[in-house]
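> Would you mind keeping the following structure in view while I ask a few things?
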Amino acid sequence: LDATYEAVDVAFRPGDLFVLFTDGVIERENEAGEQFSERRLRAACQRAFAGGATAVRDAVVNALNDFAGSRSAGDDITLVAELQLSKQS
């Protein structure tokens, strides 16, 4: 598999939230075969944003579990949430 990667610089400001996730998060299916989707991920992040990165992580995990019901994950699920607290040096 040939892949090309591009390095970019991103400036984060205090209060910015960075969420990194694998496709297993948004492709998690419920019992009807419907995928969790970026829309649901974004909504879970927005609801919990005021509580910080840990609250966002917990909200996404809870939303995923509620959405999937008894259906097990068919792929790995990785989620990282980072909140920028102070100005970068």
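By order in the structure tokens, chains are A, B, ...; within a chain, residues start at 1; ligands start at 1, following the order shown.
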So which residues touch stretch 75-80 of chain A within 12 Å, counting only C-alpha atoms, skipping near sequence neighbours fewer than 5 positions away, as a PyMOL selection string?
chain A and resi 17-29+41+45+53-61+64-65
> Just write the chosen residues, C-alpha atoms, as a short mmCIF file (atom, residue, chain, number, x, y, z; two decimals), in the first residue's frame.

```cif
data_model
loop_
_atom_site.label_atom_id
_atom_site.label_comp_id
_atom_site.auth_asym_id
_atom_site.auth_seq_id
_atom_site.Cartn_x
_atom_site.Cartn_y
_atom_site.Cartn_z
CA LEU A 17 -10.35 20.88 21.55
CA PHE A 18 -8.52 18.37 19.35
CA VAL A 19 -10.20 14.99 18.84
CA LEU A 20 -8.39 12.22 17.00
CA PHE A 21 -10.23 8.97 16.24
CA THR A 22 -10.01 5.85 14.13
CA ASP A 23 -12.64 4.83 11.63
CA GLY A 24 -13.89 2.26 14.13
CA VAL A 25 -15.55 5.10 16.05
CA ILE A 26 -17.66 6.55 13.25
CA GLU A 27 -18.25 3.19 11.57
CA ARG A 28 -19.51 1.50 14.76
CA GLU A 29 -22.87 -0.02 13.92
CA LEU A 41 -19.45 12.06 17.13
CA CYS A 45 -18.20 16.25 21.64
CA ALA A 53 -11.18 16.52 27.33
CA THR A 54 -12.03 13.75 29.83
CA ALA A 55 -15.71 14.63 29.71
CA VAL A 56 -15.61 14.58 25.90
CA ARG A 57 -13.95 11.17 25.89
CA ASP A 58 -16.49 9.78 28.34
CA ALA A 59 -19.41 11.30 26.42
CA VAL A 60 -18.26 9.74 23.15
CA VAL A 61 -17.71 6.32 24.75
CA LEU A 64 -21.11 4.80 21.24
CA ASN A 65 -22.22 2.19 23.75
#
```
> Can you tell me how far atom CA of A:Ser37 sits from atom CA of A:Phe67, in Å to one decimal?
10.7 Å
> Looking only at the backbone, which of the residues in chain A does DSSP tag as helix (DSSP H, G or I), as a VMD selection string?
chain A and resid 23 to 26 37 to 51 53 to 68
> Expressed in Å to a single decimal, how great is the separation between atom CA of A:Gly69 and atom CA of A:Leu83?
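Going from atom CA of A:Gly69 over to atom CA of A:Leu83 covers 29.1 Å.
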> What's the separation between atom CA of A:Phe12 and atom CA of A:Arg40, in Å to one decimal place?
23.7 Å
> Smallest atom-to-atom distance to A:Phe36: which of A:Gly52, A:Tyr5, A:Ser72, A:Ala63, using only C-alpha atoms?
A:Ala63
> May I have all residues of chain A that DSSP, computed from the backbone, assigns to strand (DSSP E or B), given as a short mmCIF file (atom, residue, chain, number, x, y, z; two decimals) with C-alpha atoms, in the first residue's frame?

```
data_model
loop_
_atom_site.label_atom_id
_atom_site.label_comp_id
_atom_site.auth_asym_id
_atom_site.auth_seq_id
_atom_site.Cartn_x
_atom_site.Cartn_y
_atom_site.Cartn_z
CA LEU A 17 -10.35 20.88 21.55
CA PHE A 18 -8.52 18.37 19.35
CA VAL A 19 -10.20 14.99 18.84
CA LEU A 20 -8.39 12.22 17.00
CA PHE A 21 -10.23 8.97 16.24
CA GLU A 29 -22.87 -0.02 13.92
CA GLN A 35 -23.22 3.65 11.49
CA LEU A 79 -10.16 8.06 20.59
CA VAL A 80 -7.87 10.83 21.85
CA ALA A 81 -9.22 14.15 23.12
CA GLU A 82 -6.86 16.99 23.99
CA LEU A 83 -7.85 20.43 25.26
#
```
> Could you tell me which of A:Gly33, A:Thr4, A:Phe49, A:Gly15 comes closest to A:Ala73 if we count only C-alpha atoms?
A:Gly33
> So, counting only C-alpha atoms, which residue among A:Asp2, A:Glu34, A:Asp16, A:Ala7 is closest to A:Ala68?
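Ranked by minimum distance to A:Ala68, first place goes to A:Glu34.
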